[in-house]
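Engineer: I'd like to ask some things about the structure below.
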Amino acid sequence: MKVLVDRQKCTVCGVCVDVCPFSAITLTETSIEVSDACTLCGMCVDTCEFGALSLPDVGAGPGEDLSAFRGVWVYAEWREGLIHKVSYELLSEGRKLADKRGVPLCAVLLGHGLDGTLAHELIAHGADVVYVVDRPELAHFTDEVYGNVLVELIREKRPEILLAGATSMGRSFIPRVAACLRTGLTADCTELDISPEGLLLQTRPAFGGNVMATIVCPHRRPQMATVRPKVMKPVKRDGRTGSVESPTLPEECFRARIEVLEVIPEKDQTAKLTEADVIVSGGRGLRKAENFAIIEELAQLVRGAVGASRGAVDEGWIPPSHQVGQTGRTVAPSLYMAVGIAGAIQHVVGMQGSNVIVAVNKDPMAPIFDVATYGVVADLFDFIPAFIRKIRQDRGEL
Amino acid sequence: MHIVVCIKQVPDTKNVRIDPDTHTLVRQGVESIVNPFDFFAVEAALKIKDERDARVTVLTMGPPQAEEALREVLSRGVDDAVLLSDRAFAGSDTWATSTTLAAAIRKLGDVDLILCGKQAIDGDTAQVGPETATMLNIPYATFAKKIEPMDDRHLKITRQTDEGVEVWKVPLPALVTVIKEVGEPRMPSLRHKMRAKKASIPLWGIQDLGLAPESVGLAGSYTQVVRVFSPPRRGNRLMIQGSVEEQAERLYRLLKESKVPGL
Ligand SMILES: Cc1cc2nc3c(=O)[nH]c(=O)nc-3n(C[C@H](O)[C@H](O)[C@H](O)COP(=O)(O)OP(=O)(O)OC[C@H]3O[C@@H](n4cnc5c(N)ncnc54)[C@H](O)[C@@H]3O)c2cc1C
Ligand SMILES: Nc1ncnc2c1ncn2[C@@H]1O[C@H](COP(=O)(O)O)[C@@H](O)[C@H]1O
């Protein structure tokens, strides 16, 4: 199967030829030809101004009574006694989706020794019903047991939509849930909506963030998505009411083949990049390891975490756990400061979701300025100390 | 011990850039490369092979030219390669890809360990590993930074999570997805390069795997792309002018005004 060409609409302009990552489209005098190299990635579809290209329909899959599925579910991630912030973000988004569909919003809370107030927090953030499973086998995360429990709950209650955070936990065990339930899953979404036909529209970046793709799961239920943290805004309303249920599940759900030997929380708070509200990142422009001290000083001053480009990591100036980008962490803080970082696409894909981006670079042509909210063309060794002084002055520390 | 490494050929995004004005894709001669994370999976397999009796087979599903990717990996010291290629596989989502890989792994038979990269850089889904393991009904561990054989039937896996690290005891057969901390991939050696050039690589299509056409490729996919578009343009960028002192002052005010936390 290949991308479909509407010969009536095609003007043989050739734009799609340049865009195809697989060089599958060639131009002849009178038409374009799509070769077998086409992987149906869809890159060409949007670039065609004339609407001449489209993707074929997906398979109908084995028939399933879709109307038997009702309600929007959010997996509420619990770790070490706390609910992950992304769960609250998903509840506010899930609330909108549930209201559009006219169905209830439910949260699923799995763990052990769960604090009784947690379920009420989830209700305050939008849930109508909270399903709580509190068992010693859930004290530590394993894909198997967490997956089995969620699969069993879904099989029993049949929600039409399931959302989970695109955290290391969600991206690990939700694929197991989707595979067990034989349904589609869209990873790391940044936008969700309901189509006029009532389908979940799942939008996510692809090809290193160069294109956005909207994906649907038309024939299977539930429609499942993991959603990137910090892109949706949590809304809390005290006084909301809802119910809490503790379903009993078959014992075999809790049987594990994997044994958790040790859980070691990261001591270095600065490495907790994905959670940070502010990140100050340094690149090869810092010239040597010792110079990271000024990045650390600034980060501490604004209560932020320290990030780095691969350039700086490869030089050995800072451990790989700080790397932001395609082969590092994906982050989306309120403020991201890129200091002495060129802005290679592999770096940019890991931070372009940040709310405010400040770029400091002495080269006015550096690509980092293309994604910056505020650009500062300056030598970082002059600018950063001046900026630190400014903050300290304003706080009356100088 | 028989180890299978799943690799994917992906377009190299290195030369891809976004035109700041039109916000369209600027692409010059994008070539295909082996997904960078998959080299780490290959390295993890070869490290085990360095220390004990192990055979490493590399597996990919892709268009016929994905054979190049297999030879590239053979040149690092992998023993065998299998190419899964068929027109019917085109347009696979993660479900259909996993169905195909799982069928191939079943056909290989005596597999003890399957290694995958953390994610493929074209789709960034990180789903194929876990879905394949689930279809094979074997346990899996994601985001592994260290793989240590404990005894003949168990691995000690150190995995990196958002919160820290976890150490798991995983029984074989199992699937593990790896991150770059497993070790810097070794370079091709002359001996292996020669071997890779000559190696005959079996090609398995839909019939060899005994799969039905409706269960693979686009037909066997549950998700469907309905729209592809350029990412929205960032709000107008502001270049902050002046002397360094003035720049510092202005940036500080702007960030204060936009109520950025920490300032
Ligand atoms: C498959 C693949 C995956 C990758 N993954 C990642 C990833 O996850 N994350 C990542 O970051 N990179 C990644 N890269 C690497 C990426 O392509 C770039 O090489 C890297 O980001 C460059 O780092 P840099 O900007 O710090 O260094 P450089 O490109 O060397 O840029 C340094 C910048 O600092 C500026 N500068 C120098 N001195 C000063 C000064 N005194 N004051 C102010 N500015 C100064 C320069 O003008 C320049 O723009 C990947 C590459 C590949 C091929
Ligand atoms: N077509 C494929 N052939 C072989 N392995 C694949 C294929 N697609 C994905 N994989 C493996 O699954 C991992 C995750 O890919 P993805 O889920 O696409 O992000 C990759 O790093 C590969 O190890």
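So you can find residues: chains in the structure tokens are A, B, ... in the order shown, residues in each start at 1, and ligands are numbered from 1 in order.
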Quick check for you: according to DSSP on this backbone, which residues of region 7-207 of chain B are classed as strand (DSSP E)? Reply as a ChimeraX atom specification.

Structural biologist: /B:9-11,16-18,25-27,32-34,55-61,80-84,113-117,140-151,154-160,164-171,174-178,203-204

Engineer: Contacts between ligand 2 and chain A, please, where a residue of chain A counts if it comes within 12 Å (with only C-alpha atoms and all ligand atoms); show its shortest atom pair and distance in Å to one decimal, rows by chain and ascending number, as JSON lines.

Structural biologist:
{"residue": "A:Thr39", "atom": "CA", "partner": "ligand 2", "partner_atom_place_in_ligand_line": "1 (N)", "distance": 10.6}
{"residue": "A:Arg171", "atom": "CA", "partner": "ligand 2", "partner_atom_place_in_ligand_line": "17 (O)", "distance": 10.1}
{"residue": "A:Ser172", "atom": "CA", "partner": "ligand 2", "partner_atom_place_in_ligand_line": "17 (O)", "distance": 10.8}
{"residue": "A:Pro175", "atom": "CA", "partner": "ligand 2", "partner_atom_place_in_ligand_line": "17 (O)", "distance": 9.4}
{"residue": "A:Leu185", "atom": "CA", "partner": "ligand 2", "partner_atom_place_in_ligand_line": "17 (O)", "distance": 10.7}
{"residue": "A:Thr186", "atom": "CA", "partner": "ligand 2", "partner_atom_place_in_ligand_line": "17 (O)", "distance": 10.4}
{"residue": "A:Ala187", "atom": "CA", "partner": "ligand 2", "partner_atom_place_in_ligand_line": "17 (O)", "distance": 9.0}
{"residue": "A:Asp188", "atom": "CA", "partner": "ligand 2", "partner_atom_place_in_ligand_line": "19 (O)", "distance": 10.9}
{"residue": "A:Ala206", "atom": "CA", "partner": "ligand 2", "partner_atom_place_in_ligand_line": "19 (O)", "distance": 10.7}
{"residue": "A:Phe207", "atom": "CA", "partner": "ligand 2", "partner_atom_place_in_ligand_line": "19 (O)", "distance": 11.1}
{"residue": "A:Gly208", "atom": "CA", "partner": "ligand 2", "partner_atom_place_in_ligand_line": "19 (O)", "distance": 11.7}
{"residue": "A:Gln326", "atom": "CA", "partner": "ligand 2", "partner_atom_place_in_ligand_line": "19 (O)", "distance": 11.8}
{"residue": "A:Thr327", "atom": "CA", "partner": "ligand 2", "partner_atom_place_in_ligand_line": "21 (O)", "distance": 11.8}

Engineer: Can I get the selection written as a compact mmCIF listing (two decimals), in the first residue's frame, with C-alpha atoms?

Structural biologist:
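Final file, part.txt:
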# COMPACT_ATOMS: atom_id res chain seq x y z
CA THR A 39 6.10 3.70 4.24
CA ARG A 171 5.39 4.83 28.62
CA SER A 172 6.55 1.54 30.07
CA PRO A 175 1.85 -0.46 25.88
CA LEU A 185 -2.10 3.43 21.55
CA THR A 186 -0.70 6.85 20.70
CA ALA A 187 2.46 7.88 22.55
CA ASP A 188 3.38 11.22 24.02
CA ALA A 206 6.69 13.09 14.87
CA PHE A 207 9.99 13.06 13.01
CA GLY A 208 11.85 14.76 15.78
CA GLN A 326 16.31 13.40 21.35
CA THR A 327 18.71 11.03 23.09

Engineer: Check region 1-231 of chain B with DSSP on the backbone and list each residue it calls helix (DSSP H, G or I), as a PyMOL selection string.

Structural biologist: chain B and resi 13-15+36-51+64-74+87-89+94-108+128-136+180-182+190-198+206-209+213-215

Engineer: Could the residues in this selection be written to a file with C-alpha atoms, as a short mmCIF file (atom, residue, chain, number, x, y, z; two decimals), in the first residue's frame?

Structural biologist:
data_model
loop_
_atom_site.label_atom_id
_atom_site.label_comp_id
_atom_site.auth_asym_id
_atom_site.auth_seq_id
_atom_site.Cartn_x
_atom_site.Cartn_y
_atom_site.Cartn_z
CA THR B 13 16.92 13.84 11.08
CA LYS B 14 20.34 15.47 11.40
CA ASN B 15 19.91 17.44 8.20
CA PRO B 36 20.73 5.45 17.15
CA PHE B 37 19.19 3.74 20.20
CA ASP B 38 19.36 0.39 18.46
CA PHE B 39 23.15 0.58 18.33
CA PHE B 40 23.05 0.58 22.12
CA ALA B 41 20.88 -2.55 22.02
CA VAL B 42 23.44 -4.16 19.70
CA GLU B 43 26.24 -3.14 22.04
CA ALA B 44 24.41 -4.58 25.05
CA ALA B 45 24.05 -7.90 23.20
CA LEU B 46 27.70 -7.98 22.15
CA LYS B 47 28.80 -7.22 25.72
CA ILE B 48 26.99 -10.36 26.89
CA LYS B 49 28.54 -12.29 24.00
CA ASP B 50 32.01 -11.05 25.06
CA GLU B 51 31.57 -12.77 28.39
CA PRO B 64 14.16 -4.11 1.05
CA GLN B 65 16.87 -1.45 1.55
CA ALA B 66 16.72 -2.07 5.31
CA GLU B 67 19.15 -4.86 4.47
CA GLU B 68 21.87 -2.17 4.57
CA ALA B 69 21.04 -1.52 8.20
CA LEU B 70 21.45 -5.22 8.96
CA ARG B 71 24.86 -5.35 7.25
CA GLU B 72 25.93 -2.26 9.17
CA VAL B 73 25.15 -4.08 12.41
CA LEU B 74 26.71 -7.36 11.25
CA ARG B 87 4.60 -5.04 0.64
CA ALA B 88 1.92 -6.20 3.04
CA PHE B 89 3.94 -4.83 6.00
CA THR B 94 3.22 -0.25 16.63
CA TRP B 95 0.61 -2.99 17.00
CA ALA B 96 1.16 -4.37 13.49
CA THR B 97 4.96 -4.01 13.79
CA SER B 98 4.91 -5.92 17.07
CA THR B 99 2.68 -8.62 15.56
CA THR B 100 5.21 -9.11 12.77
CA LEU B 101 8.28 -9.07 15.04
CA ALA B 102 6.65 -11.46 17.51
CA ALA B 103 5.84 -13.89 14.68
CA ALA B 104 9.46 -13.78 13.49
CA ILE B 105 10.80 -14.36 17.00
CA ARG B 106 8.48 -17.35 17.38
CA LYS B 107 9.77 -18.70 14.08
CA LEU B 108 13.38 -18.29 15.25
CA VAL B 128 7.19 -1.76 19.96
CA GLY B 129 9.37 -3.44 22.61
CA PRO B 130 6.71 -3.73 25.34
CA GLU B 131 3.98 -4.69 22.86
CA THR B 132 6.15 -7.41 21.29
CA ALA B 133 6.97 -8.84 24.72
CA THR B 134 3.31 -8.83 25.69
CA MET B 135 2.36 -10.67 22.51
CA LEU B 136 5.06 -13.26 23.23
CA LYS B 180 22.59 4.90 25.98
CA GLU B 181 24.15 4.26 29.40
CA VAL B 182 24.53 0.55 28.50
CA LEU B 190 37.73 -5.22 9.43
CA ARG B 191 37.06 -8.92 9.92
CA HIS B 192 33.37 -8.41 10.62
CA LYS B 193 33.06 -5.93 7.78
CA MET B 194 34.26 -8.56 5.33
CA ARG B 195 31.87 -11.09 6.78
CA ALA B 196 28.98 -8.62 6.73
CA LYS B 197 29.56 -7.88 3.08
CA LYS B 198 29.31 -11.54 2.13
CA ILE B 206 4.11 -12.64 5.23
CA GLN B 207 3.86 -16.28 4.12
CA ASP B 208 7.05 -17.31 5.88
CA LEU B 209 5.65 -15.88 9.09
CA PRO B 213 -2.77 -10.09 5.34
CA GLU B 214 -5.42 -8.44 7.51
CA SER B 215 -3.24 -8.71 10.63
#

Engineer: Could you tell me how far CA of Val278 (chain A) sits from CA of Asp124 (chain B), in Å to one decimal place?

Structural biologist: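 CA of Val278 (chain A) lies at a distance of 24.5 Å from CA of Asp124 (chain B).
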
Engineer: Enumerate as JSON, numbers by chain the residues within 9 Å of ligand 1, counting only C-alpha atoms and all ligand atoms.

Structural biologist: {"A": [282, 283, 284, 285, 286, 287, 308, 309, 310, 311, 312, 313, 314, 323, 324, 325, 326, 327, 328, 329, 330, 338, 339, 340, 341, 342, 343, 344, 345, 346, 347, 348, 349, 350, 360, 361, 362, 363, 364, 365, 366, 367, 368, 377, 378, 379, 380, 381, 382, 383], "B": [12, 13, 14, 35, 36, 37, 121]}

Engineer: Go ahead and write the residues just picked, C-alpha atoms, as an mmCIF file, in the first residue's frame.

Structural biologist:
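In the end it all went to part-v1.cif:
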data_model
loop_
_atom_site.group_PDB
_atom_site.id
_atom_site.type_symbol
_atom_site.label_atom_id
_atom_site.label_comp_id
_atom_site.auth_asym_id
_atom_site.auth_seq_id
_atom_site.Cartn_x
_atom_site.Cartn_y
_atom_site.Cartn_z
ATOM 1 C CA GLY A 282 24.598 24.761 29.223
ATOM 2 C CA GLY A 283 26.262 23.739 25.982
ATOM 3 C CA ARG A 284 29.661 23.520 24.394
ATOM 4 C CA GLY A 285 29.850 27.308 24.568
ATOM 5 C CA LEU A 286 30.875 26.881 28.218
ATOM 6 C CA ARG A 287 34.294 25.690 27.049
ATOM 7 C CA ALA A 308 22.875 20.271 29.116
ATOM 8 C CA SER A 309 23.281 19.745 25.410
ATOM 9 C CA ARG A 310 24.845 16.583 24.112
ATOM 10 C CA GLY A 311 27.795 18.715 23.106
ATOM 11 C CA ALA A 312 28.531 19.420 26.772
ATOM 12 C CA VAL A 313 27.813 15.827 27.815
ATOM 13 C CA ASP A 314 30.115 14.421 25.131
ATOM 14 C CA GLN A 323 21.103 15.804 28.715
ATOM 15 C CA VAL A 324 18.073 17.351 27.068
ATOM 16 C CA GLY A 325 17.023 16.291 23.584
ATOM 17 C CA GLN A 326 16.315 13.397 21.347
ATOM 18 C CA THR A 327 18.713 11.026 23.086
ATOM 19 C CA GLY A 328 18.269 12.733 26.452
ATOM 20 C CA ARG A 329 15.206 13.882 28.347
ATOM 21 C CA THR A 330 12.209 15.655 26.890
ATOM 22 C CA ALA A 338 19.701 27.677 26.701
ATOM 23 C CA VAL A 339 23.169 29.056 27.361
ATOM 24 C CA GLY A 340 25.925 28.501 24.799
ATOM 25 C CA ILE A 341 23.818 25.939 22.964
ATOM 26 C CA ALA A 342 23.650 26.048 19.177
ATOM 27 C CA GLY A 343 20.133 24.644 18.904
ATOM 28 C CA ALA A 344 20.613 21.526 16.783
ATOM 29 C CA ILE A 345 17.305 19.906 15.930
ATOM 30 C CA GLN A 346 18.107 16.986 18.249
ATOM 31 C CA HIS A 347 18.370 19.407 21.147
ATOM 32 C CA VAL A 348 15.365 21.491 20.154
ATOM 33 C CA VAL A 349 12.965 18.532 20.015
ATOM 34 C CA GLY A 350 13.643 17.916 23.676
ATOM 35 C CA VAL A 360 21.946 33.178 25.117
ATOM 36 C CA ASN A 361 24.471 32.780 22.320
ATOM 37 C CA LYS A 362 27.182 34.981 20.859
ATOM 38 C CA ASP A 363 26.365 33.885 17.322
ATOM 39 C CA PRO A 364 23.294 35.790 16.060
ATOM 40 C CA MET A 365 22.761 33.097 13.414
ATOM 41 C CA ALA A 366 22.575 30.239 15.910
ATOM 42 C CA PRO A 367 19.426 28.179 15.191
ATOM 43 C CA ILE A 368 18.463 28.239 18.878
ATOM 44 C CA VAL A 377 23.143 37.835 21.520
ATOM 45 C CA ALA A 378 26.040 38.133 23.940
ATOM 46 C CA ASP A 379 29.094 36.407 25.331
ATOM 47 C CA LEU A 380 27.708 34.173 28.029
ATOM 48 C CA PHE A 381 30.688 34.856 30.284
ATOM 49 C CA ASP A 382 29.645 38.520 30.368
ATOM 50 C CA PHE A 383 25.904 38.106 30.278
ATOM 51 C CA ASP B 12 18.372 10.690 9.584
ATOM 52 C CA THR B 13 16.922 13.836 11.084
ATOM 53 C CA LYS B 14 20.345 15.467 11.399
ATOM 54 C CA ASN B 35 18.052 4.104 14.730
ATOM 55 C CA PRO B 36 20.731 5.451 17.151
ATOM 56 C CA PHE B 37 19.188 3.745 20.203
ATOM 57 C CA ILE B 121 13.675 8.466 16.433
#

Engineer: Could you tell me how far CA of Gly239 (chain A) sits from CA of Ala124 (chain A), in Å to one decimal place?

Structural biologist: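 Result for CA of Ala124 (chain A) versus CA of Gly239 (chain A): 7.0 Å, one decimal.
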
Engineer: Taking only C-alpha atoms into account, which of B:Val228, B:Leu172, B:Ala120, B:Leu115 comes nearest Ile215 (chain A)?

Structural biologist: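 Closest to Ile215 (chain A) of all the choices is B:Val228.
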
Engineer: Tell me, as number ranges by chain, which residues lie within 9 Å of region 71-81 of chain A, counting only C-alpha atoms; anything in the same chain fewer than 2 positions away does not count.

Structural biologist: A: 69, 83-88, 90-91, 94-95, 97-98, 101-115, 122, 127, 139-141, 150, 158-165, 169-170; B: 163
